[in-house]
$ cat model_11.cif   # mmCIF, C-alpha atoms, pLDDT in the B column; chains and numbers go by the auth columns
data_data
#
loop_
_atom_site.group_PDB
_atom_site.id
_atom_site.type_symbol
_atom_site.label_atom_id
_atom_site.label_comp_id
_atom_site.label_asym_id
_atom_site.label_seq_id
_atom_site.Cartn_x
_atom_site.Cartn_y
_atom_site.Cartn_z
_atom_site.B_iso_or_equiv
_atom_site.auth_seq_id
_atom_site.auth_asym_id
ATOM 1 C CA MET A 1 -3.668 -26.025 -23.137 41.00 1 U
ATOM 2 C CA ILE A 2 -0.836 -23.996 -24.702 43.00 2 U
ATOM 3 C CA LEU A 3 -2.996 -20.852 -24.737 35.00 3 U
ATOM 4 C CA THR A 4 -3.737 -21.356 -21.013 41.00 4 U
ATOM 5 C CA GLU A 5 -0.011 -21.730 -20.280 44.00 5 U
ATOM 6 C CA ILE A 6 0.792 -18.557 -22.251 38.00 6 U
ATOM 7 C CA LYS A 7 -1.849 -16.612 -20.296 47.00 7 U
ATOM 8 C CA TYR A 8 -0.459 -18.003 -17.015 45.00 8 U
ATOM 9 C CA PHE A 9 3.141 -17.015 -17.822 50.00 9 U
ATOM 10 C CA ALA A 10 2.021 -13.569 -19.026 58.00 10 U
ATOM 11 C CA MET A 11 0.120 -13.166 -15.750 69.00 11 U
ATOM 12 C CA THR A 12 3.156 -14.317 -13.724 78.00 12 U
ATOM 13 C CA GLU A 13 5.481 -11.919 -15.572 84.00 13 U
ATOM 14 C CA LYS A 14 3.139 -9.052 -14.702 86.00 14 U
ATOM 15 C CA PHE A 15 4.055 -9.482 -11.022 92.00 15 U
ATOM 16 C CA VAL A 16 7.844 -9.841 -11.292 92.00 16 U
ATOM 17 C CA GLY A 17 9.378 -6.798 -9.606 91.00 17 U
ATOM 18 C CA LEU A 18 6.096 -5.735 -8.016 91.00 18 U
ATOM 19 C CA THR A 19 6.725 -4.010 -4.692 94.00 19 U
ATOM 20 C CA MET A 20 3.869 -3.435 -2.296 96.00 20 U
ATOM 21 C CA ASN A 21 4.988 -1.566 0.799 95.00 21 U
ATOM 22 C CA PHE A 22 2.865 -1.206 3.900 96.00 22 U
ATOM 23 C CA LEU A 23 1.408 2.323 3.780 94.00 23 U
ATOM 24 C CA ASP A 24 -1.090 2.266 6.672 94.00 24 U
ATOM 25 C CA LYS A 25 -3.546 0.195 4.616 96.00 25 U
ATOM 26 C CA PRO A 26 -3.278 -3.251 6.208 97.00 26 U
ATOM 27 C CA PHE A 27 -5.073 -5.185 3.492 97.00 27 U
ATOM 28 C CA GLU A 28 -3.806 -3.476 0.340 97.00 28 U
ATOM 29 C CA GLY A 29 -0.678 -5.474 -0.400 98.00 29 U
ATOM 30 C CA ILE A 30 0.454 -8.290 -2.673 98.00 30 U
ATOM 31 C CA PHE A 31 -2.686 -10.446 -2.467 98.00 31 U
ATOM 32 C CA SER A 32 -4.979 -7.458 -2.949 97.00 32 U
ATOM 33 C CA ASN A 33 -2.988 -6.384 -6.013 96.00 33 U
ATOM 34 C CA MET A 34 -3.089 -9.907 -7.452 96.00 34 U
ATOM 35 C CA PHE A 35 -6.839 -10.057 -6.812 96.00 35 U
ATOM 36 C CA LEU A 36 -7.368 -6.863 -8.831 95.00 36 U
ATOM 37 C CA GLN A 37 -5.009 -7.950 -11.634 93.00 37 U
ATOM 38 C CA CYS A 38 -6.912 -11.259 -11.879 92.00 38 U
ATOM 39 C CA GLY A 39 -10.174 -9.430 -12.607 93.00 39 U
ATOM 40 C CA ASN A 40 -11.417 -9.377 -8.992 94.00 40 U
ATOM 41 C CA LYS A 41 -10.867 -13.117 -8.662 94.00 41 U
ATOM 42 C CA ASN A 42 -8.854 -14.989 -6.102 95.00 42 U
ATOM 43 C CA PRO A 43 -5.290 -15.447 -7.478 95.00 43 U
ATOM 44 C CA CYS A 44 -5.534 -19.135 -6.547 95.00 44 U
ATOM 45 C CA GLU A 45 -7.999 -19.534 -9.423 93.00 45 U
ATOM 46 C CA SER A 46 -5.307 -18.319 -11.842 90.00 46 U
ATOM 47 C CA GLY A 47 -2.661 -20.611 -10.366 92.00 47 U
ATOM 48 C CA LEU A 48 -0.511 -17.717 -9.142 94.00 48 U
ATOM 49 C CA VAL A 49 -0.691 -18.796 -5.506 96.00 49 U
ATOM 50 C CA LYS A 50 -1.669 -21.969 -3.700 96.00 50 U
ATOM 51 C CA VAL A 51 -2.992 -21.722 -0.144 96.00 51 U
ATOM 52 C CA ILE A 52 -2.392 -25.009 1.635 95.00 52 U
ATOM 53 C CA PRO A 53 -3.776 -25.594 5.146 95.00 53 U
ATOM 54 C CA SER A 54 -2.606 -28.244 7.572 93.00 54 U
ATOM 55 C CA ASP A 55 -6.294 -29.216 7.576 86.00 55 U
ATOM 56 C CA GLN A 56 -9.677 -27.517 7.696 71.00 56 U
ATOM 57 C CA ILE A 57 -13.024 -27.933 9.350 74.00 57 U
ATOM 58 C CA CYS A 58 -14.963 -25.401 7.316 68.00 58 U
ATOM 59 C CA ASN A 59 -14.612 -22.879 4.517 67.00 59 U
ATOM 60 C CA ASN A 60 -12.000 -22.951 1.827 84.00 60 U
ATOM 61 C CA CYS A 61 -8.688 -21.729 3.202 92.00 61 U
ATOM 62 C CA GLN A 62 -7.793 -19.972 -0.063 95.00 62 U
ATOM 63 C CA ASN A 63 -10.380 -17.315 0.802 95.00 63 U
ATOM 64 C CA ILE A 64 -8.200 -15.849 3.560 96.00 64 U
ATOM 65 C CA ILE A 65 -6.338 -13.948 0.807 97.00 65 U
ATOM 66 C CA THR A 66 -9.570 -12.561 -0.662 95.00 66 U
ATOM 67 C CA PRO A 67 -9.917 -8.866 0.262 91.00 67 U
ATOM 68 C CA ASN A 68 -12.740 -8.167 2.734 89.00 68 U
ATOM 69 C CA TRP A 69 -13.713 -11.828 3.134 91.00 69 U
ATOM 70 C CA LYS A 70 -16.415 -11.892 5.817 90.00 70 U
ATOM 71 C CA GLN A 71 -16.086 -15.513 6.933 91.00 71 U
ATOM 72 C CA HIS A 72 -13.103 -17.349 8.431 91.00 72 U
ATOM 73 C CA TRP A 73 -11.089 -20.525 8.096 90.00 73 U
ATOM 74 C CA PHE A 74 -10.224 -22.709 11.024 88.00 74 U
ATOM 75 C CA SER A 75 -8.245 -25.891 11.497 90.00 75 U
ATOM 76 C CA PHE A 76 -9.044 -29.060 13.377 86.00 76 U
ATOM 77 C CA PHE A 77 -7.892 -29.307 16.975 84.00 77 U
ATOM 78 C CA GLY A 78 -4.273 -30.430 17.114 87.00 78 U
ATOM 79 C CA PRO A 79 -0.782 -29.117 17.731 92.00 79 U
ATOM 80 C CA ASN A 80 0.894 -26.683 15.337 95.00 80 U
ATOM 81 C CA PRO A 81 -1.782 -26.046 12.700 96.00 81 U
ATOM 82 C CA PHE A 82 -0.526 -24.010 9.758 96.00 82 U
ATOM 83 C CA VAL A 83 -1.332 -22.291 6.496 97.00 83 U
ATOM 84 C CA LYS A 84 1.267 -22.395 3.727 97.00 84 U
ATOM 85 C CA PHE A 85 1.428 -20.075 0.723 98.00 85 U
ATOM 86 C CA ASP A 86 3.101 -21.392 -2.430 98.00 86 U
ATOM 87 C CA PHE A 87 3.901 -18.610 -4.891 97.00 87 U
ATOM 88 C CA VAL A 88 4.501 -21.291 -7.577 95.00 88 U
ATOM 89 C CA ASN A 89 6.777 -19.430 -10.066 95.00 89 U
ATOM 90 C CA LEU A 90 7.380 -16.355 -7.928 97.00 90 U
ATOM 91 C CA LYS A 91 9.212 -15.565 -4.709 98.00 91 U
ATOM 92 C CA VAL A 92 8.333 -12.934 -2.128 98.00 92 U
ATOM 93 C CA LEU A 93 10.757 -10.848 -0.116 97.00 93 U
ATOM 94 C CA LEU A 94 8.471 -10.298 2.868 98.00 94 U
ATOM 95 C CA THR A 95 8.728 -6.902 4.612 97.00 95 U
ATOM 96 C CA ALA A 96 5.434 -6.943 6.549 98.00 96 U
ATOM 97 C CA TYR A 97 2.232 -8.943 6.942 98.00 97 U
ATOM 98 C CA SER A 98 -1.264 -8.271 8.265 98.00 98 U
ATOM 99 C CA LEU A 99 -3.498 -10.727 10.095 98.00 99 U
ATOM 100 C CA LYS A 100 -7.187 -10.406 10.867 97.00 100 U
ATOM 101 C CA THR A 101 -9.020 -12.645 13.286 96.00 101 U
ATOM 102 C CA TYR A 102 -12.635 -13.729 13.303 93.00 102 U
ATOM 103 C CA SER A 103 -15.721 -12.340 15.027 91.00 103 U
ATOM 104 C CA GLY A 104 -15.256 -13.774 18.495 90.00 104 U
ATOM 105 C CA GLN A 105 -15.016 -12.025 21.821 93.00 105 U
ATOM 106 C CA GLU A 106 -11.854 -11.502 23.837 95.00 106 U
ATOM 107 C CA GLY A 107 -10.579 -14.811 25.167 91.00 107 U
ATOM 108 C CA TYR A 108 -11.966 -16.832 22.249 93.00 108 U
ATOM 109 C CA GLY A 109 -9.821 -18.777 19.780 93.00 109 U
ATOM 110 C CA HIS A 110 -7.744 -15.863 18.468 95.00 110 U
ATOM 111 C CA LEU A 111 -4.101 -16.398 17.517 96.00 111 U
ATOM 112 C CA GLN A 112 -1.716 -15.804 20.391 97.00 112 U
ATOM 113 C CA SER A 113 1.628 -17.332 19.369 98.00 113 U
ATOM 114 C CA TRP A 114 2.882 -18.101 15.863 98.00 114 U
ATOM 115 C CA ILE A 115 5.913 -18.263 13.634 98.00 115 U
ATOM 116 C CA ILE A 116 6.273 -17.107 10.026 98.00 116 U
ATOM 117 C CA GLN A 117 8.806 -19.107 8.028 98.00 117 U
ATOM 118 C CA GLY A 118 10.086 -19.128 4.457 98.00 118 U
ATOM 119 C CA SER A 119 11.465 -21.835 2.188 98.00 119 U
ATOM 120 C CA ASN A 120 12.431 -22.343 -1.419 98.00 120 U
ATOM 121 C CA ASP A 121 12.175 -26.154 -1.382 98.00 121 U
ATOM 122 C CA ASP A 122 9.215 -26.733 0.997 98.00 122 U
ATOM 123 C CA GLU A 123 11.468 -28.801 3.255 98.00 123 U
ATOM 124 C CA ASN A 124 13.972 -26.463 4.887 98.00 124 U
ATOM 125 C CA TYR A 125 12.241 -23.502 6.510 98.00 125 U
ATOM 126 C CA GLU A 126 13.876 -20.401 7.980 97.00 126 U
ATOM 127 C CA ARG A 127 12.380 -18.116 10.604 97.00 127 U
ATOM 128 C CA ILE A 128 11.123 -14.761 9.315 97.00 128 U
ATOM 129 C CA ASP A 129 9.100 -13.563 12.321 97.00 129 U
ATOM 130 C CA GLU A 130 7.699 -14.946 15.550 97.00 130 U
ATOM 131 C CA LYS A 131 5.189 -13.740 18.120 98.00 131 U
ATOM 132 C CA ILE A 132 4.784 -15.292 21.564 97.00 132 U
ATOM 133 C CA ASN A 133 1.788 -14.554 23.813 98.00 133 U
ATOM 134 C CA SER A 134 0.656 -11.600 21.705 98.00 134 U
ATOM 135 C CA ASN A 135 -2.618 -9.888 22.611 97.00 135 U
ATOM 136 C CA ASP A 136 -2.817 -7.931 19.323 98.00 136 U
ATOM 137 C CA LEU A 137 -5.554 -10.172 17.883 98.00 137 U
ATOM 138 C CA ASN A 138 -7.462 -10.974 21.072 97.00 138 U
ATOM 139 C CA SER A 139 -10.760 -9.279 20.252 97.00 139 U
ATOM 140 C CA ASN A 140 -13.642 -9.269 17.792 96.00 140 U
ATOM 141 C CA CYS A 141 -12.330 -8.968 14.186 95.00 141 U
ATOM 142 C CA ALA A 142 -9.030 -7.530 15.414 97.00 142 U
ATOM 143 C CA PHE A 143 -6.265 -6.966 12.883 97.00 143 U
ATOM 144 C CA HIS A 144 -2.642 -5.937 13.096 98.00 144 U
ATOM 145 C CA THR A 145 0.265 -5.386 10.720 98.00 145 U
ATOM 146 C CA TYR A 146 3.675 -6.736 11.688 98.00 146 U
ATOM 147 C CA LYS A 147 6.855 -5.389 10.125 97.00 147 U
ATOM 148 C CA ILE A 148 9.664 -7.846 9.501 97.00 148 U
ATOM 149 C CA GLU A 149 12.615 -6.721 11.609 91.00 149 U
ATOM 150 C CA GLU A 150 15.160 -9.248 10.378 86.00 150 U
ATOM 151 C CA LYS A 151 16.904 -9.267 7.011 84.00 151 U
ATOM 152 C CA VAL A 152 15.394 -12.095 4.972 89.00 152 U
ATOM 153 C CA GLN A 153 15.675 -13.427 1.448 97.00 153 U
ATOM 154 C CA PRO A 154 12.952 -14.025 -1.150 98.00 154 U
ATOM 155 C CA TYR A 155 11.033 -17.270 -0.631 98.00 155 U
ATOM 156 C CA ARG A 156 8.654 -19.289 -2.784 98.00 156 U
ATOM 157 C CA PHE A 157 6.889 -20.740 0.277 98.00 157 U
ATOM 158 C CA ILE A 158 5.700 -18.721 3.273 98.00 158 U
ATOM 159 C CA LYS A 159 4.174 -20.630 6.173 98.00 159 U
ATOM 160 C CA ILE A 160 2.406 -19.354 9.291 98.00 160 U
ATOM 161 C CA THR A 161 2.246 -21.932 12.070 98.00 161 U
ATOM 162 C CA MET A 162 0.386 -21.502 15.326 97.00 162 U
ATOM 163 C CA THR A 163 2.692 -22.380 18.199 97.00 163 U
ATOM 164 C CA GLY A 164 1.173 -23.116 21.570 93.00 164 U
ATOM 165 C CA LYS A 165 -2.471 -22.502 22.398 96.00 165 U
ATOM 166 C CA ASN A 166 -4.824 -19.775 21.175 96.00 166 U
ATOM 167 C CA HIS A 167 -6.465 -17.269 23.551 96.00 167 U
ATOM 168 C CA ALA A 168 -9.148 -19.824 24.467 96.00 168 U
ATOM 169 C CA GLY A 169 -6.448 -22.261 25.572 96.00 169 U
ATOM 170 C CA THR A 170 -7.118 -24.670 22.723 95.00 170 U
ATOM 171 C CA ASP A 171 -5.066 -25.676 19.707 93.00 171 U
ATOM 172 C CA PHE A 172 -7.123 -24.776 16.667 91.00 172 U
ATOM 173 C CA MET A 173 -6.151 -21.924 14.348 94.00 173 U
ATOM 174 C CA VAL A 174 -8.593 -19.300 13.055 93.00 174 U
ATOM 175 C CA ILE A 175 -7.860 -16.659 10.395 95.00 175 U
ATOM 176 C CA ARG A 176 -10.212 -14.337 8.528 95.00 176 U
ATOM 177 C CA ASN A 177 -7.686 -12.473 6.350 97.00 177 U
ATOM 178 C CA ILE A 178 -3.966 -12.311 5.713 98.00 178 U
ATOM 179 C CA GLU A 179 -2.003 -9.883 3.550 98.00 179 U
ATOM 180 C CA PHE A 180 1.683 -9.809 2.602 98.00 180 U
ATOM 181 C CA PHE A 181 3.853 -6.792 1.801 98.00 181 U
ATOM 182 C CA GLY A 182 7.195 -6.861 0.022 97.00 182 U
ATOM 183 C CA THR A 183 8.660 -7.495 -3.420 97.00 183 U
ATOM 184 C CA LEU A 184 7.924 -10.324 -5.861 97.00 184 U
ATOM 185 C CA SER A 185 10.645 -11.864 -8.018 96.00 185 U
ATOM 186 C CA GLN A 186 11.321 -15.088 -9.952 92.00 186 U
#

$ encode --input "model_11.cif" --output "structure tokens"
Amino acid sequence: MILTEIKYFAMTEKFVGLTMNFLDKPFEGIFSNMFLQCGNKNPCESGLVKVIPSDQICNNCQNIITPNWKQHWFSFFGPNPFVKFDFVNLKVLLTAYSLKTYSGQEGYGHLQSWIIQGSNDDENYERIDEKINSNDLNSNCAFHTYKIEEKVQPYRFIKITMTGKNHAGTDFMVIRNIEFFGTLSQ
């Protein structure tokens, strides 16, 4: 057990101060870097990040941070589904994020309105970014990178919550991939 804890803390220390800026490569950011540093394994397996969905119908939600994942996660029907990212012993100063939707035609269940929030106690969340009636993801496997326009602080928890209906007019959330850009700290 002590050896496992030492490996975990050494792994965590490796990421302190890491800055991954968006450089026109929408899925080569913090999660991609962690994936590589973890020996091409999902960083959830190393305990670096926890991906916590409001609920799920199929597929493990933690896979949305796996580079080039070819499936998708989706929630049950219900208002305000979300996915929360717990960086455990790290914090992220978010400067941009990329979202990729699933393989469905225009007008299917693609994200349309959402809010990104941050917290350091998992109770009090502050707005980082919000999109209302966006068409950026309304097509087959569409992806888009969003730059954070507001000045924010580093957060341990980052949560994306779907607000309102998706492009099909229903209230389930679908995501294929997500990537974060910014700086990690403790």

$ atom_distance --input "model_11.cif" --atom1 "CA of Val88 in chain U" --atom2 "CA of Lys50 in chain U"
7.3 Å

$ residues_around --input "model_11.cif" --residues "range 174-176 of chain U" --least-positions-apart "4" --cutoff "9 Å" --atoms "all atoms listed in the file" --output "VMD selection string"
chain U and resid 61 63 to 65 68 to 75 99 to 103 109 to 111 141 166

$ atom_distance --input "model_11.cif" --atom1 "CA of Gln117 in chain U" --atom2 "CA of Phe27 in chain U"
20.2 Å

$ residues_around --input "model_11.cif" --residues "Ile128 in chain U" --least-positions-apart "6" --cutoff "8 Å" --atoms "all atoms listed in the file" --output "PyMOL selection string"
chain U and resi 115-118+148+150+152

$ closest_residue --input "model_11.cif" --among "U:Asn80, U:Gln105, U:Ser98, U:Thr19" --to "Asp55 in chain U" --atoms "only C-alpha atoms"
U:Asn80

$ closest_residue --input "model_11.cif" --among "U:Cys38, U:Leu94, U:Ile57, U:Ile132" --to "Met173 in chain U" --atoms "all atoms listed in the file"
U:Ile57

$ residues_around --input "model_11.cif" --residues "Phe85 in chain U" --least-positions-apart "3" --cutoff "10 Å" --atoms "all atoms listed in the file" --output "list in words"
Val49, Lys50, Val51, Ile52, Pro53, Gln62, Ile65, Val88, Gly118, Arg156, Phe157, Ile158, Lys159 and Ile160 of chain U

$ closest_residue --input "model_11.cif" --among "U:Tyr155, U:Phe76, U:Tyr97, U:Tyr146" --to "Ile178 in chain U" --atoms "only C-alpha atoms"
U:Tyr97

$ decode --input "model_11.cif" --residues "range 19-60 of chain U" --atoms "N, CA and C atoms" --output "PDB file, in the first residue's frame"
ATOM      1  N   THR U  19       1.516  23.125 -18.099  1.00  0.00           N
ATOM      2  CA  THR U  19       0.646  24.018 -18.859  1.00  0.00           C
ATOM      3  C   THR U  19       0.463  23.440 -20.248  1.00  0.00           C
ATOM      4  N   MET U  20      -0.793  23.259 -20.604  1.00  0.00           N
ATOM      5  CA  MET U  20      -1.148  22.780 -21.937  1.00  0.00           C
ATOM      6  C   MET U  20      -2.053  23.832 -22.567  1.00  0.00           C
ATOM      7  N   ASN U  21      -1.486  24.608 -23.471  1.00  0.00           N
ATOM      8  CA  ASN U  21      -2.248  25.636 -24.164  1.00  0.00           C
ATOM      9  C   ASN U  21      -2.891  25.050 -25.409  1.00  0.00           C
ATOM     10  N   PHE U  22      -3.998  25.653 -25.822  1.00  0.00           N
ATOM     11  CA  PHE U  22      -4.644  25.225 -27.052  1.00  0.00           C
ATOM     12  C   PHE U  22      -3.833  25.753 -28.227  1.00  0.00           C
ATOM     13  N   LEU U  23      -3.316  24.842 -29.054  1.00  0.00           N
ATOM     14  CA  LEU U  23      -2.495  25.200 -30.211  1.00  0.00           C
ATOM     15  C   LEU U  23      -3.062  24.570 -31.477  1.00  0.00           C
ATOM     16  N   ASP U  24      -4.342  24.768 -31.720  1.00  0.00           N
ATOM     17  CA  ASP U  24      -5.030  24.240 -32.906  1.00  0.00           C
ATOM     18  C   ASP U  24      -5.055  22.719 -32.972  1.00  0.00           C
ATOM     19  N   LYS U  25      -4.863  22.063 -31.846  1.00  0.00           N
ATOM     20  CA  LYS U  25      -5.000  20.604 -31.753  1.00  0.00           C
ATOM     21  C   LYS U  25      -6.009  20.350 -30.629  1.00  0.00           C
ATOM     22  N   PRO U  26      -7.289  20.230 -31.000  1.00  0.00           N
ATOM     23  CA  PRO U  26      -8.359  20.250 -30.001  1.00  0.00           C
ATOM     24  C   PRO U  26      -8.362  19.124 -28.974  1.00  0.00           C
ATOM     25  N   PHE U  27      -7.659  18.049 -29.228  1.00  0.00           N
ATOM     26  CA  PHE U  27      -7.663  16.954 -28.271  1.00  0.00           C
ATOM     27  C   PHE U  27      -6.257  16.566 -27.831  1.00  0.00           C
ATOM     28  N   GLU U  28      -5.373  17.551 -27.781  1.00  0.00           N
ATOM     29  CA  GLU U  28      -4.024  17.357 -27.244  1.00  0.00           C
ATOM     30  C   GLU U  28      -3.796  18.369 -26.131  1.00  0.00           C
ATOM     31  N   GLY U  29      -4.438  18.105 -25.004  1.00  0.00           N
ATOM     32  CA  GLY U  29      -4.372  18.988 -23.846  1.00  0.00           C
ATOM     33  C   GLY U  29      -3.990  18.227 -22.596  1.00  0.00           C
ATOM     34  N   ILE U  30      -4.598  18.599 -21.485  1.00  0.00           N
ATOM     35  CA  ILE U  30      -4.259  18.026 -20.180  1.00  0.00           C
ATOM     36  C   ILE U  30      -4.559  16.527 -20.119  1.00  0.00           C
ATOM     37  N   PHE U  31      -5.750  16.120 -20.523  1.00  0.00           N
ATOM     38  CA  PHE U  31      -6.102  14.696 -20.438  1.00  0.00           C
ATOM     39  C   PHE U  31      -5.225  13.855 -21.360  1.00  0.00           C
ATOM     40  N   SER U  32      -4.958  14.347 -22.543  1.00  0.00           N
ATOM     41  CA  SER U  32      -4.103  13.628 -23.484  1.00  0.00           C
ATOM     42  C   SER U  32      -2.700  13.454 -22.906  1.00  0.00           C
ATOM     43  N   ASN U  33      -2.173  14.518 -22.292  1.00  0.00           N
ATOM     44  CA  ASN U  33      -0.852  14.451 -21.678  1.00  0.00           C
ATOM     45  C   ASN U  33      -0.846  13.450 -20.530  1.00  0.00           C
ATOM     46  N   MET U  34      -1.872  13.491 -19.685  1.00  0.00           N
ATOM     47  CA  MET U  34      -1.958  12.536 -18.579  1.00  0.00           C
ATOM     48  C   MET U  34      -2.028  11.101 -19.105  1.00  0.00           C
ATOM     49  N   PHE U  35      -2.803  10.897 -20.153  1.00  0.00           N
ATOM     50  CA  PHE U  35      -2.944   9.578 -20.764  1.00  0.00           C
ATOM     51  C   PHE U  35      -1.570   9.037 -21.178  1.00  0.00           C
ATOM     52  N   LEU U  36      -0.781   9.870 -21.835  1.00  0.00           N
ATOM     53  CA  LEU U  36       0.559   9.450 -22.270  1.00  0.00           C
ATOM     54  C   LEU U  36       1.475   9.179 -21.083  1.00  0.00           C
ATOM     55  N   GLN U  37       1.434  10.073 -20.075  1.00  0.00           N
ATOM     56  CA  GLN U  37       2.294   9.922 -18.899  1.00  0.00           C
ATOM     57  C   GLN U  37       1.908   8.697 -18.062  1.00  0.00           C
ATOM     58  N   CYS U  38       0.683   8.237 -18.204  1.00  0.00           N
ATOM     59  CA  CYS U  38       0.208   7.045 -17.483  1.00  0.00           C
ATOM     60  C   CYS U  38       0.414   5.775 -18.303  1.00  0.00           C
ATOM     61  N   GLY U  39       1.272   5.834 -19.310  1.00  0.00           N
ATOM     62  CA  GLY U  39       1.570   4.648 -20.114  1.00  0.00           C
ATOM     63  C   GLY U  39       0.444   4.268 -21.050  1.00  0.00           C
ATOM     64  N   ASN U  40      -0.181   5.285 -21.671  1.00  0.00           N
ATOM     65  CA  ASN U  40      -1.321   5.078 -22.578  1.00  0.00           C
ATOM     66  C   ASN U  40      -2.506   4.420 -21.881  1.00  0.00           C
ATOM     67  N   LYS U  41      -2.714   4.806 -20.634  1.00  0.00           N
ATOM     68  CA  LYS U  41      -3.860   4.349 -19.853  1.00  0.00           C
ATOM     69  C   LYS U  41      -4.657   5.566 -19.403  1.00  0.00           C
ATOM     70  N   ASN U  42      -5.932   5.352 -19.227  1.00  0.00           N
ATOM     71  CA  ASN U  42      -6.796   6.416 -18.751  1.00  0.00           C
ATOM     72  C   ASN U  42      -6.304   6.895 -17.381  1.00  0.00           C
ATOM     73  N   PRO U  43      -6.130   8.201 -17.172  1.00  0.00           N
ATOM     74  CA  PRO U  43      -5.642   8.704 -15.880  1.00  0.00           C
ATOM     75  C   PRO U  43      -6.563   8.383 -14.707  1.00  0.00           C
ATOM     76  N   CYS U  44      -7.796   8.003 -14.977  1.00  0.00           N
ATOM     77  CA  CYS U  44      -8.697   7.566 -13.905  1.00  0.00           C
ATOM     78  C   CYS U  44      -8.170   6.298 -13.252  1.00  0.00           C
ATOM     79  N   GLU U  45      -7.532   5.439 -14.041  1.00  0.00           N
ATOM     80  CA  GLU U  45      -6.986   4.184 -13.515  1.00  0.00           C
ATOM     81  C   GLU U  45      -5.850   4.426 -12.531  1.00  0.00           C
ATOM     82  N   SER U  46      -5.165   5.557 -12.667  1.00  0.00           N
ATOM     83  CA  SER U  46      -4.071   5.909 -11.754  1.00  0.00           C
ATOM     84  C   SER U  46      -4.551   6.762 -10.589  1.00  0.00           C
ATOM     85  N   GLY U  47      -5.819   7.112 -10.573  1.00  0.00           N
ATOM     86  CA  GLY U  47      -6.365   7.924  -9.493  1.00  0.00           C
ATOM     87  C   GLY U  47      -6.090   9.409  -9.633  1.00  0.00           C
ATOM     88  N   LEU U  48      -5.562   9.830 -10.769  1.00  0.00           N
ATOM     89  CA  LEU U  48      -5.270  11.258 -10.971  1.00  0.00           C
ATOM     90  C   LEU U  48      -6.533  12.084 -11.151  1.00  0.00           C
ATOM     91  N   VAL U  49      -7.522  11.505 -11.792  1.00  0.00           N
ATOM     92  CA  VAL U  49      -8.773  12.191 -12.100  1.00  0.00           C
ATOM     93  C   VAL U  49      -9.916  11.215 -11.858  1.00  0.00           C
ATOM     94  N   LYS U  50     -11.018  11.743 -11.385  1.00  0.00           N
ATOM     95  CA  LYS U  50     -12.259  10.969 -11.298  1.00  0.00           C
ATOM     96  C   LYS U  50     -13.272  11.644 -12.216  1.00  0.00           C
ATOM     97  N   VAL U  51     -13.947  10.864 -13.035  1.00  0.00           N
ATOM     98  CA  VAL U  51     -14.992  11.376 -13.911  1.00  0.00           C
ATOM     99  C   VAL U  51     -16.312  10.858 -13.355  1.00  0.00           C
ATOM    100  N   ILE U  52     -17.151  11.795 -12.920  1.00  0.00           N
ATOM    101  CA  ILE U  52     -18.360  11.435 -12.186  1.00  0.00           C
ATOM    102  C   ILE U  52     -19.580  11.949 -12.947  1.00  0.00           C
ATOM    103  N   PRO U  53     -20.387  11.041 -13.508  1.00  0.00           N
ATOM    104  CA  PRO U  53     -21.585  11.477 -14.231  1.00  0.00           C
ATOM    105  C   PRO U  53     -22.786  11.624 -13.291  1.00  0.00           C
ATOM    106  N   SER U  54     -23.743  12.427 -13.724  1.00  0.00           N
ATOM    107  CA  SER U  54     -24.994  12.503 -12.965  1.00  0.00           C
ATOM    108  C   SER U  54     -25.650  11.126 -12.974  1.00  0.00           C
ATOM    109  N   ASP U  55     -25.499  10.400 -14.059  1.00  0.00           N
ATOM    110  CA  ASP U  55     -25.998   9.049 -14.234  1.00  0.00           C
ATOM    111  C   ASP U  55     -25.499   8.560 -15.589  1.00  0.00           C
ATOM    112  N   GLN U  56     -25.792   7.328 -15.934  1.00  0.00           N
ATOM    113  CA  GLN U  56     -25.386   6.847 -17.255  1.00  0.00           C
ATOM    114  C   GLN U  56     -26.232   5.667 -17.686  1.00  0.00           C
ATOM    115  N   ILE U  57     -26.535   5.657 -18.964  1.00  0.00           N
ATOM    116  CA  ILE U  57     -27.279   4.545 -19.540  1.00  0.00           C
ATOM    117  C   ILE U  57     -26.299   3.500 -20.046  1.00  0.00           C
ATOM    118  N   CYS U  58     -25.279   3.950 -20.769  1.00  0.00           N
ATOM    119  CA  CYS U  58     -24.328   2.986 -21.321  1.00  0.00           C
ATOM    120  C   CYS U  58     -22.927   3.576 -21.342  1.00  0.00           C
ATOM    121  N   ASN U  59     -21.975   2.725 -21.434  1.00  0.00           N
ATOM    122  CA  ASN U  59     -20.550   3.047 -21.514  1.00  0.00           C
ATOM    123  C   ASN U  59     -20.064   3.772 -20.267  1.00  0.00           C
ATOM    124  N   ASN U  60     -18.841   3.526 -19.930  1.00  0.00           N
ATOM    125  CA  ASN U  60     -18.240   4.139 -18.768  1.00  0.00           C
ATOM    126  C   ASN U  60     -17.879   5.580 -19.079  1.00  0.00           C
TER     127      ASN U  60
END
